[in-house]
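Below is structure38.cif, which holds mmCIF, C-alpha atoms.
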data_coords
loop_
_atom_site.label_atom_id
_atom_site.label_comp_id
_atom_site.auth_asym_id
_atom_site.auth_seq_id
_atom_site.Cartn_x
_atom_site.Cartn_y
_atom_site.Cartn_z
CA MET A 287 -51.63 -46.29 -27.89
CA ALA A 288 -48.29 -44.51 -27.78
CA SER A 289 -46.88 -43.95 -24.36
CA GLU A 290 -45.68 -40.52 -23.29
CA THR A 291 -42.59 -39.71 -21.29
CA PRO A 292 -42.86 -36.77 -18.84
CA ASP A 293 -40.62 -34.47 -20.90
CA THR A 294 -42.19 -35.23 -24.27
CA GLY A 295 -44.76 -32.92 -25.82
CA LEU A 296 -45.59 -35.11 -28.81
CA ARG A 297 -44.51 -38.66 -29.54
CA LEU A 298 -45.09 -39.99 -33.06
CA ARG A 299 -44.63 -43.68 -33.69
CA GLY A 300 -45.10 -45.41 -37.04
CA VAL A 301 -47.26 -42.61 -38.45
CA THR A 302 -48.29 -43.41 -42.02
CA LEU A 303 -50.70 -41.39 -44.15
CA ASP A 304 -52.17 -42.56 -47.44
CA PHE A 305 -54.25 -40.45 -49.81
CA ARG A 306 -56.56 -42.08 -52.32
CA ILE A 307 -56.18 -40.52 -55.76
CA ARG A 308 -59.09 -40.82 -58.15
CA SER A 309 -57.79 -41.75 -61.57
CA GLY A 310 -61.01 -41.13 -63.48
CA VAL A 311 -60.40 -44.25 -65.55
CA GLY A 312 -59.86 -47.65 -64.02
CA ARG A 313 -58.84 -48.17 -60.42
CA ASP A 314 -58.04 -45.43 -57.94
CA ARG A 315 -54.47 -45.36 -56.71
CA THR A 316 -52.95 -44.66 -53.32
CA LEU A 317 -50.34 -42.01 -52.63
CA ARG A 318 -48.24 -42.55 -49.50
CA ALA A 319 -47.61 -39.06 -48.13
CA LEU A 320 -46.07 -40.15 -44.80
CA ASP A 321 -44.25 -43.42 -44.30
CA ALA A 322 -43.70 -44.86 -40.81
CA VAL A 323 -42.65 -41.58 -39.19
CA ASP A 324 -41.12 -41.70 -35.71
CA LEU A 325 -40.48 -38.33 -34.06
CA ASP A 326 -40.45 -36.83 -30.57
CA VAL A 327 -41.08 -33.16 -29.85
CA GLY A 328 -39.99 -32.41 -26.31
CA ALA A 329 -41.68 -29.84 -24.12
CA GLY A 330 -40.09 -26.44 -24.68
CA GLU A 331 -37.80 -27.41 -27.55
CA ILE A 332 -37.72 -26.19 -31.14
CA VAL A 333 -37.60 -28.97 -33.71
CA GLY A 334 -37.01 -28.18 -37.36
CA LEU A 335 -38.57 -30.22 -40.16
CA VAL A 336 -36.37 -29.71 -43.21
CA GLY A 337 -36.41 -31.08 -46.73
CA GLU A 338 -37.25 -30.11 -50.27
CA SER A 339 -40.74 -29.26 -51.50
CA GLY A 340 -42.88 -32.39 -51.60
CA SER A 341 -40.93 -34.17 -48.88
CA GLY A 342 -43.96 -34.28 -46.58
CA LYS A 343 -43.06 -31.55 -44.08
CA THR A 344 -46.34 -29.65 -44.19
CA THR A 345 -48.37 -32.85 -44.31
CA LEU A 346 -46.62 -34.08 -41.17
CA GLY A 347 -47.23 -30.78 -39.40
CA LYS A 348 -50.93 -30.87 -40.25
CA THR A 349 -51.15 -34.50 -39.16
CA MET A 350 -49.74 -33.54 -35.76
CA LEU A 351 -52.59 -31.04 -35.42
CA GLY A 352 -55.35 -33.39 -36.53
CA VAL A 353 -55.98 -31.91 -39.97
CA HIS A 354 -55.13 -35.33 -41.42
CA ARG A 355 -55.86 -38.58 -39.61
CA PRO A 356 -53.04 -41.12 -39.93
CA SER A 357 -53.73 -44.34 -41.79
CA THR A 358 -51.61 -46.16 -39.21
CA GLY A 359 -49.49 -45.26 -36.22
CA ALA A 360 -49.92 -43.27 -33.03
CA ILE A 361 -49.45 -39.69 -31.82
CA GLY A 362 -49.00 -39.66 -28.07
CA TYR A 363 -49.87 -36.51 -26.15
CA ARG A 364 -50.86 -36.08 -22.50
CA GLY A 365 -51.63 -39.77 -22.19
CA ALA A 366 -53.88 -39.89 -25.25
CA ASP A 367 -53.37 -41.20 -28.77
CA LEU A 368 -54.41 -38.26 -30.94
CA ALA A 369 -54.32 -40.43 -34.04
CA SER A 370 -57.28 -42.48 -32.82
CA LEU A 371 -59.51 -39.59 -31.74
CA SER A 372 -62.67 -38.40 -33.43
CA ALA A 373 -63.20 -34.69 -34.13
CA ARG A 374 -65.10 -34.46 -30.83
CA GLY A 375 -62.32 -36.30 -29.03
CA TRP A 376 -59.84 -33.70 -30.22
CA ALA A 377 -61.75 -30.89 -28.46
CA PRO A 378 -59.80 -30.96 -25.16
CA PHE A 379 -56.49 -30.67 -27.04
CA ARG A 380 -57.25 -27.92 -29.57
CA ARG A 381 -56.08 -25.15 -27.28
CA ASP A 382 -52.72 -26.84 -26.68
CA LEU A 383 -51.84 -27.33 -30.35
CA GLN A 384 -51.71 -24.25 -32.59
CA MET A 385 -50.40 -23.35 -36.04
CA VAL A 386 -48.71 -20.36 -37.71
CA PHE A 387 -49.13 -20.41 -41.47
CA GLN A 388 -46.80 -19.46 -44.30
CA ASP A 389 -49.04 -16.72 -45.68
CA PRO A 390 -50.46 -14.67 -42.80
CA LEU A 391 -52.76 -12.66 -45.06
CA SER A 392 -54.71 -15.75 -46.10
CA SER A 393 -55.04 -16.91 -42.49
CA PHE A 394 -57.04 -13.86 -41.38
CA ASN A 395 -60.60 -12.97 -42.31
CA PRO A 396 -60.27 -9.77 -44.39
CA ARG A 397 -63.62 -8.51 -43.06
CA PHE A 398 -62.52 -8.62 -39.42
CA THR A 399 -60.24 -6.18 -37.66
CA LEU A 400 -57.16 -7.79 -36.19
CA GLY A 401 -58.54 -7.13 -32.74
CA SER A 402 -61.63 -9.16 -33.60
CA SER A 403 -59.47 -11.99 -34.91
CA LEU A 404 -57.45 -12.00 -31.69
CA ALA A 405 -60.58 -11.85 -29.55
CA LEU A 406 -62.14 -14.94 -31.13
CA PRO A 407 -59.81 -17.61 -29.67
CA LEU A 408 -59.77 -15.82 -26.31
CA ALA A 409 -63.56 -16.06 -26.15
CA LEU A 410 -63.77 -19.53 -27.70
CA HIS A 411 -61.40 -21.05 -25.14
CA ALA A 412 -62.59 -18.85 -22.25
CA ILE A 413 -59.05 -17.60 -21.62
CA CYS A 414 -60.27 -14.61 -19.65
CA PRO A 415 -63.53 -12.86 -18.74
CA LYS A 416 -65.14 -10.97 -21.60
CA HIS A 417 -64.44 -7.56 -20.12
CA GLU A 418 -60.71 -8.36 -19.94
CA ILE A 419 -60.36 -9.27 -23.61
CA PRO A 420 -59.44 -5.75 -24.86
CA ALA A 421 -56.62 -5.50 -22.30
CA ARG A 422 -55.44 -9.01 -23.18
CA ILE A 423 -55.32 -8.09 -26.89
CA GLU A 424 -53.32 -4.96 -26.09
CA SER A 425 -50.86 -7.04 -24.06
CA LEU A 426 -50.49 -9.61 -26.84
CA LEU A 427 -49.78 -6.96 -29.47
CA THR A 428 -47.21 -5.32 -27.21
CA ARG A 429 -45.48 -8.65 -26.59
CA VAL A 430 -44.95 -9.18 -30.32
CA GLY A 431 -43.65 -5.66 -30.88
CA LEU A 432 -46.79 -3.98 -32.21
CA LYS A 433 -48.89 -1.10 -30.94
CA PRO A 434 -52.37 -1.31 -29.39
CA GLU A 435 -53.82 0.67 -32.30
CA HIS A 436 -52.96 -2.19 -34.64
CA ALA A 437 -56.03 -3.93 -33.19
CA ARG A 438 -58.23 -1.51 -35.14
CA ARG A 439 -56.52 -2.28 -38.46
CA TYR A 440 -57.60 -4.76 -41.11
CA PRO A 441 -55.21 -7.45 -42.42
CA HIS A 442 -54.48 -5.69 -45.73
CA GLU A 443 -53.35 -2.58 -43.85
CA LEU A 444 -50.31 -4.28 -42.31
CA SER A 445 -47.03 -5.39 -43.85
CA GLY A 446 -46.23 -9.09 -44.13
CA GLY A 447 -43.90 -8.96 -41.16
CA GLN A 448 -46.41 -7.10 -38.99
CA LEU A 449 -49.17 -9.52 -39.92
CA GLN A 450 -46.99 -12.52 -39.10
CA ARG A 451 -46.42 -10.99 -35.67
CA VAL A 452 -50.19 -10.82 -35.21
CA ALA A 453 -50.41 -14.48 -36.30
CA ILE A 454 -47.87 -15.39 -33.61
CA ALA A 455 -49.82 -13.32 -31.07
CA ARG A 456 -52.97 -15.24 -32.00
CA ALA A 457 -51.18 -18.58 -31.64
CA ILE A 458 -49.76 -17.80 -28.18
CA SER A 459 -52.98 -16.12 -26.98
CA VAL A 460 -54.43 -19.45 -25.83
CA GLU A 461 -51.19 -20.46 -24.08
CA PRO A 462 -50.50 -23.56 -26.19
CA ARG A 463 -47.94 -26.23 -25.48
CA VAL A 464 -47.01 -26.85 -29.13
CA ILE A 465 -46.96 -24.51 -32.14
CA VAL A 466 -46.43 -25.78 -35.67
CA ALA A 467 -44.96 -22.98 -37.79
CA ASP A 468 -45.18 -23.80 -41.49
CA GLU A 469 -42.60 -21.85 -43.53
CA ALA A 470 -43.52 -18.92 -41.32
CA VAL A 471 -40.75 -16.61 -42.57
CA SER A 472 -40.29 -17.75 -46.17
CA LYS A 473 -42.31 -14.88 -47.66
CA LEU A 474 -40.63 -12.17 -45.61
CA ASP A 475 -37.71 -9.91 -46.48
CA VAL A 476 -34.39 -10.90 -44.94
CA SER A 477 -34.36 -8.18 -42.27
CA VAL A 478 -37.98 -8.83 -41.29
CA ARG A 479 -37.31 -12.57 -41.32
CA ALA A 480 -34.64 -12.15 -38.64
CA GLN A 481 -37.04 -10.13 -36.49
CA VAL A 482 -39.74 -12.80 -36.66
CA LEU A 483 -37.26 -15.60 -35.94
CA ASN A 484 -35.99 -13.74 -32.89
CA LEU A 485 -39.60 -13.25 -31.81
CA LEU A 486 -40.23 -17.00 -32.04
CA LYS A 487 -37.10 -17.66 -30.00
CA ARG A 488 -38.23 -15.19 -27.36
CA MET A 489 -41.74 -16.66 -27.19
CA ASN A 490 -40.18 -20.10 -26.76
CA ARG A 491 -38.00 -18.90 -23.89
CA GLU A 492 -40.73 -16.90 -22.17
CA THR A 493 -43.59 -19.37 -22.41
CA GLY A 494 -41.88 -22.76 -22.76
CA VAL A 495 -43.98 -23.55 -25.83
CA ALA A 496 -42.53 -26.24 -28.09
CA ILE A 497 -42.21 -25.24 -31.74
CA VAL A 498 -42.20 -27.51 -34.78
CA PHE A 499 -40.62 -25.28 -37.41
CA ILE A 500 -41.15 -26.36 -41.00
CA THR A 501 -38.65 -24.93 -43.46
CA HIS A 502 -36.70 -25.65 -46.63
CA ASP A 503 -34.02 -23.17 -45.50
CA LEU A 504 -31.23 -24.92 -43.62
CA GLY A 505 -29.74 -21.61 -42.51
CA VAL A 506 -32.99 -20.64 -40.80
CA ALA A 507 -33.21 -24.08 -39.17
CA ARG A 508 -29.65 -23.80 -37.89
CA PHE A 509 -30.34 -20.41 -36.32
CA LEU A 510 -33.62 -21.33 -34.66
CA CYS A 511 -33.81 -25.04 -33.89
CA ASP A 512 -32.48 -27.22 -31.09
CA ARG A 513 -32.88 -30.38 -33.17
CA ILE A 514 -33.50 -31.05 -36.85
CA ALA A 515 -35.50 -33.84 -38.50
CA VAL A 516 -34.71 -34.37 -42.18
CA MET A 517 -37.61 -35.51 -44.38
CA TYR A 518 -37.32 -37.30 -47.70
CA PHE A 519 -40.31 -38.67 -49.63
CA GLY A 520 -42.53 -38.82 -46.56
CA ARG A 521 -39.96 -40.40 -44.26
CA VAL A 522 -37.89 -38.91 -41.46
CA VAL A 523 -34.46 -40.15 -42.54
CA GLU A 524 -32.33 -38.46 -39.89
CA VAL A 525 -32.86 -36.69 -36.57
CA GLY A 526 -30.22 -35.03 -34.44
CA ALA A 527 -29.00 -32.00 -32.57
CA THR A 528 -28.71 -29.10 -34.99
CA GLU A 529 -24.94 -28.73 -34.92
CA THR A 530 -24.49 -32.49 -35.18
CA ILE A 531 -26.62 -32.56 -38.33
CA PHE A 532 -24.43 -29.87 -39.87
CA ALA A 533 -21.09 -31.25 -38.69
CA GLU A 534 -21.72 -34.99 -39.07
CA PRO A 535 -24.61 -35.75 -41.42
CA ARG A 536 -25.25 -39.49 -41.55
CA HIS A 537 -27.84 -39.89 -44.31
CA PRO A 538 -26.90 -39.32 -47.97
CA TYR A 539 -29.93 -37.06 -48.47
CA THR A 540 -28.89 -34.83 -45.55
CA LEU A 541 -25.43 -34.59 -47.06
CA SER A 542 -26.88 -33.63 -50.43
CA LEU A 543 -28.95 -30.85 -48.84
CA LEU A 544 -25.87 -29.46 -47.12
CA ARG A 545 -23.82 -29.65 -50.30
CA ALA A 546 -26.56 -27.86 -52.24
CA ARG A 547 -26.58 -25.14 -49.61
CA ALA A 548 -22.80 -24.76 -49.84
CA HIS A 549 -23.05 -24.64 -53.64
CA ASP A 550 -25.52 -21.76 -53.31
CA GLY A 551 -22.93 -19.82 -51.36
CA ALA A 552 -24.26 -20.28 -47.84
CA PRO A 553 -21.65 -20.96 -45.14
CA ALA A 554 -21.40 -24.59 -44.09
#
Would you encode the structure as C-alpha cells?
Amino acid sequence: MASETPDTGLRLRGVTLDFRIRSGVGRDRTLRALDAVDLDVGAGEIVGLVGESGSGKTTLGKTMLGVHRPSTGAIGYRGADLASLSARGWAPFRRDLQMVFQDPLSSFNPRFTLGSSLALPLALHAICPKHEIPARIESLLTRVGLKPEHARRYPHELSGGQLQRVAIARAISVEPRVIVADEAVSKLDVSVRAQVLNLLKRMNRETGVAIVFITHDLGVARFLCDRIAVMYFGRVVEVGATETIFAEPRHPYTLSLLRARAHDGAPA
C-alpha cells in the first residue's frame, strides 16, 4: 500500500490501467491506457494535467476517483490504498473526492430543478439537517456568483457558464478535499472562461480544496495551476512548477507542446 505524507492529498505510485479490447475475430487485445504513473497531489494545491487528446488525462482523473480500477499500482489517500478497495470500501472516501465535468448540461438530470440537484448530495452525505438544506443551497449559489432564484430553474434554462458555476457549487457542497475538473472551461466563451477559472481559484483559496485540472490548453494551465504534469501516451513524462515547465521544459514532448502553442500565436 502506498504511504501518505502529511501534506499529500493523493499519492499515485506505479498506476497502470489496461483495457481489454474485443477483436471479434481471434484473440482479444489489451490497450494500455495508463503506464506506471507516479504523481502527487498536495493538499490545497492545483495540479494541471496537460497533453493532447488521447494522452490519458481524463482516464487518469477518473482512475483517481475510482471510476476505473488500476491494473497495478497504488493510490494513497488518508492512509488507505484506494486502488485496492471494493466499491463498498470506497464509501468513506466518496465525499472527499469530487468531479466537475466538461459538459455541465449532461451532468445534470434535465427533469430536476437545480435546487433539487444541489440538495441530493447534501442529503446523501448528511451535510446538514434537512430543514437547513434550502438555506445551504442559497448560500452555495451566492458563493459561485448566482442568485437564489436559480435554484428553481432547470438545467436548459441556464447558460453554459452559469451551469458550470452550479456544477462547481455541487462539487464544493460536500466540502471535498480533492476536485478533479475535466476540461471544465473548454466549452465556454473566453470571457466566461476567465470568470470560471477565477471562481476555481477563489474556491481553492477559501476552502483549501486541492484541484486536479485536466486541460489541453497550456495557457489555461499556466494561469490556474501551481504545478503541471505533462501526459504522453498514458505516461506522466514531466512534472514541475508551472513557470519552470514553461521556462525550462526538460522532456521533448513538453517542448513540442510549447512550440505548438507559440506557433498558434500564444505568448510563450
* Quick one: pull the distance between atom CA of A:Glu424 and atom CA of A:Ala405, Å, one decimal. =>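 Between atom CA of A:Glu424 and atom CA of A:Ala405 the gap is 10.6 Å.
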* Asked: Nearest to A:Glu331: which of A:Gly520, A:Pro420, A:Gly494, A:Gly362 is it, counting all atoms listed in the file?
  ->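 When distances to A:Glu331 are compared using all atoms listed in the file, the smallest one comes from A:Gly494.
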* Within 9 Å of stretch 453-469 of chain A using all atoms listed in the file, minus same-chain residues under 2 positions, as a ChimeraX atom specification -> /A:295-296,327,329-330,343-344,347-348,350-351,380-390,393-394,403-405,407-408,411-413,422-423,426-427,429-430,448-451,471-473,485-486,489,493-503
Would you save the residues from that selection as a PDB file, in the coordinates of the input, using C-alpha atoms?
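The resulting selection.pdb:
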ATOM      1  CA  GLY A 295     -44.760 -32.920 -25.820  1.00  0.00           C
ATOM      2  CA  LEU A 296     -45.590 -35.110 -28.810  1.00  0.00           C
ATOM      3  CA  VAL A 327     -41.080 -33.160 -29.850  1.00  0.00           C
ATOM      4  CA  ALA A 329     -41.680 -29.840 -24.120  1.00  0.00           C
ATOM      5  CA  GLY A 330     -40.090 -26.440 -24.680  1.00  0.00           C
ATOM      6  CA  LYS A 343     -43.060 -31.550 -44.080  1.00  0.00           C
ATOM      7  CA  THR A 344     -46.340 -29.650 -44.190  1.00  0.00           C
ATOM      8  CA  GLY A 347     -47.230 -30.780 -39.400  1.00  0.00           C
ATOM      9  CA  LYS A 348     -50.930 -30.870 -40.250  1.00  0.00           C
ATOM     10  CA  MET A 350     -49.740 -33.540 -35.760  1.00  0.00           C
ATOM     11  CA  LEU A 351     -52.590 -31.040 -35.420  1.00  0.00           C
ATOM     12  CA  ARG A 380     -57.250 -27.920 -29.570  1.00  0.00           C
ATOM     13  CA  ARG A 381     -56.080 -25.150 -27.280  1.00  0.00           C
ATOM     14  CA  ASP A 382     -52.720 -26.840 -26.680  1.00  0.00           C
ATOM     15  CA  LEU A 383     -51.840 -27.330 -30.350  1.00  0.00           C
ATOM     16  CA  GLN A 384     -51.710 -24.250 -32.590  1.00  0.00           C
ATOM     17  CA  MET A 385     -50.400 -23.350 -36.040  1.00  0.00           C
ATOM     18  CA  VAL A 386     -48.710 -20.360 -37.710  1.00  0.00           C
ATOM     19  CA  PHE A 387     -49.130 -20.410 -41.470  1.00  0.00           C
ATOM     20  CA  GLN A 388     -46.800 -19.460 -44.300  1.00  0.00           C
ATOM     21  CA  ASP A 389     -49.040 -16.720 -45.680  1.00  0.00           C
ATOM     22  CA  PRO A 390     -50.460 -14.670 -42.800  1.00  0.00           C
ATOM     23  CA  SER A 393     -55.040 -16.910 -42.490  1.00  0.00           C
ATOM     24  CA  PHE A 394     -57.040 -13.860 -41.380  1.00  0.00           C
ATOM     25  CA  SER A 403     -59.470 -11.990 -34.910  1.00  0.00           C
ATOM     26  CA  LEU A 404     -57.450 -12.000 -31.690  1.00  0.00           C
ATOM     27  CA  ALA A 405     -60.580 -11.850 -29.550  1.00  0.00           C
ATOM     28  CA  PRO A 407     -59.810 -17.610 -29.670  1.00  0.00           C
ATOM     29  CA  LEU A 408     -59.770 -15.820 -26.310  1.00  0.00           C
ATOM     30  CA  HIS A 411     -61.400 -21.050 -25.140  1.00  0.00           C
ATOM     31  CA  ALA A 412     -62.590 -18.850 -22.250  1.00  0.00           C
ATOM     32  CA  ILE A 413     -59.050 -17.600 -21.620  1.00  0.00           C
ATOM     33  CA  ARG A 422     -55.440  -9.010 -23.180  1.00  0.00           C
ATOM     34  CA  ILE A 423     -55.320  -8.090 -26.890  1.00  0.00           C
ATOM     35  CA  LEU A 426     -50.490  -9.610 -26.840  1.00  0.00           C
ATOM     36  CA  LEU A 427     -49.780  -6.960 -29.470  1.00  0.00           C
ATOM     37  CA  ARG A 429     -45.480  -8.650 -26.590  1.00  0.00           C
ATOM     38  CA  VAL A 430     -44.950  -9.180 -30.320  1.00  0.00           C
ATOM     39  CA  GLN A 448     -46.410  -7.100 -38.990  1.00  0.00           C
ATOM     40  CA  LEU A 449     -49.170  -9.520 -39.920  1.00  0.00           C
ATOM     41  CA  GLN A 450     -46.990 -12.520 -39.100  1.00  0.00           C
ATOM     42  CA  ARG A 451     -46.420 -10.990 -35.670  1.00  0.00           C
ATOM     43  CA  VAL A 471     -40.750 -16.610 -42.570  1.00  0.00           C
ATOM     44  CA  SER A 472     -40.290 -17.750 -46.170  1.00  0.00           C
ATOM     45  CA  LYS A 473     -42.310 -14.880 -47.660  1.00  0.00           C
ATOM     46  CA  LEU A 485     -39.600 -13.250 -31.810  1.00  0.00           C
ATOM     47  CA  LEU A 486     -40.230 -17.000 -32.040  1.00  0.00           C
ATOM     48  CA  MET A 489     -41.740 -16.660 -27.190  1.00  0.00           C
ATOM     49  CA  THR A 493     -43.590 -19.370 -22.410  1.00  0.00           C
ATOM     50  CA  GLY A 494     -41.880 -22.760 -22.760  1.00  0.00           C
ATOM     51  CA  VAL A 495     -43.980 -23.550 -25.830  1.00  0.00           C
ATOM     52  CA  ALA A 496     -42.530 -26.240 -28.090  1.00  0.00           C
ATOM     53  CA  ILE A 497     -42.210 -25.240 -31.740  1.00  0.00           C
ATOM     54  CA  VAL A 498     -42.200 -27.510 -34.780  1.00  0.00           C
ATOM     55  CA  PHE A 499     -40.620 -25.280 -37.410  1.00  0.00           C
ATOM     56  CA  ILE A 500     -41.150 -26.360 -41.000  1.00  0.00           C
ATOM     57  CA  THR A 501     -38.650 -24.930 -43.460  1.00  0.00           C
ATOM     58  CA  HIS A 502     -36.700 -25.650 -46.630  1.00  0.00           C
ATOM     59  CA  ASP A 503     -34.020 -23.170 -45.500  1.00  0.00           C
TER      60      ASP A 503
END
* To do: Name the residues captured by the PyMOL selection byres ((chain A and resi 542-545) around 12) when it is applied to the shown file; answer as a PyMOL selection string.
  => chain A and resi 336-338+502-505+508+516-518+531-541+546-554
* Kindly indicate which residue among A:Arg318, A:Arg374, A:Lys416, A:Arg491 lies nearest to A:Thr358, using only C-alpha atoms for the distances. => A:Arg318
* **Selection result for the PyMOL selection byres ((chain A and resi 515) around 8) on this file, as a PyMOL selection string** => chain A and resi 333-336+513-514+516-517+522-526
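Put simply, atom CA of A:Asp324 is 5.6 Å away from atom CA of A:Gly300.
Atom pair atom CA of A:Arg479 / atom CA of A:Thr528 has a distance of 19.7 Å (rounded to one decimal).
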* Asked: Of the residues A:His436, A:Ile332, A:Asp475, A:Arg297, which is the one nearest to A:Ala366, using only C-alpha atoms?
  ->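 That would be A:Arg297, the residue with the smallest distance to A:Ala366.
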* Asked: How would you write, as a list in words, the residues chosen by the PyMOL selection byres ((chain A and resi 299) around 8) on this structure?
  ->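 On this input, the PyMOL selection byres ((chain A and resi 299) around 8) captures Ala288, Arg297, Leu298, Gly300, Val301, Ala322, Val323, Asp324, Leu325, Gly359, Ala360 and Ile361 of chain A.
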Export of prior selection with C-alpha atoms as a JSON list (two decimals), keeping the file's coordinate frame:
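The result, written out as part.json:
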[["chain", "number", "residue", "atom", "x", "y", "z"],
["A", 288, "ALA", "CA", -48.29, -44.51, -27.78],
["A", 297, "ARG", "CA", -44.51, -38.66, -29.54],
["A", 298, "LEU", "CA", -45.09, -39.99, -33.06],
["A", 300, "GLY", "CA", -45.10, -45.41, -37.04],
["A", 301, "VAL", "CA", -47.26, -42.61, -38.45],
["A", 322, "ALA", "CA", -43.70, -44.86, -40.81],
["A", 323, "VAL", "CA", -42.65, -41.58, -39.19],
["A", 324, "ASP", "CA", -41.12, -41.70, -35.71],
["A", 325, "LEU", "CA", -40.48, -38.33, -34.06],
["A", 359, "GLY", "CA", -49.49, -45.26, -36.22],
["A", 360, "ALA", "CA", -49.92, -43.27, -33.03],
["A", 361, "ILE", "CA", -49.45, -39.69, -31.82]]
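Ranking A:Ser339, A:Thr345, A:Ser445, A:Thr399 by their shortest atom-to-atom distance to A:Ala319, with only C-alpha atoms included, puts A:Thr345 first.
Candidate residues A:Leu483, A:Leu400, A:Leu320, A:Val353 were compared for distance to A:Pro441, and the nearest is A:Leu400, using all atoms listed in the file.
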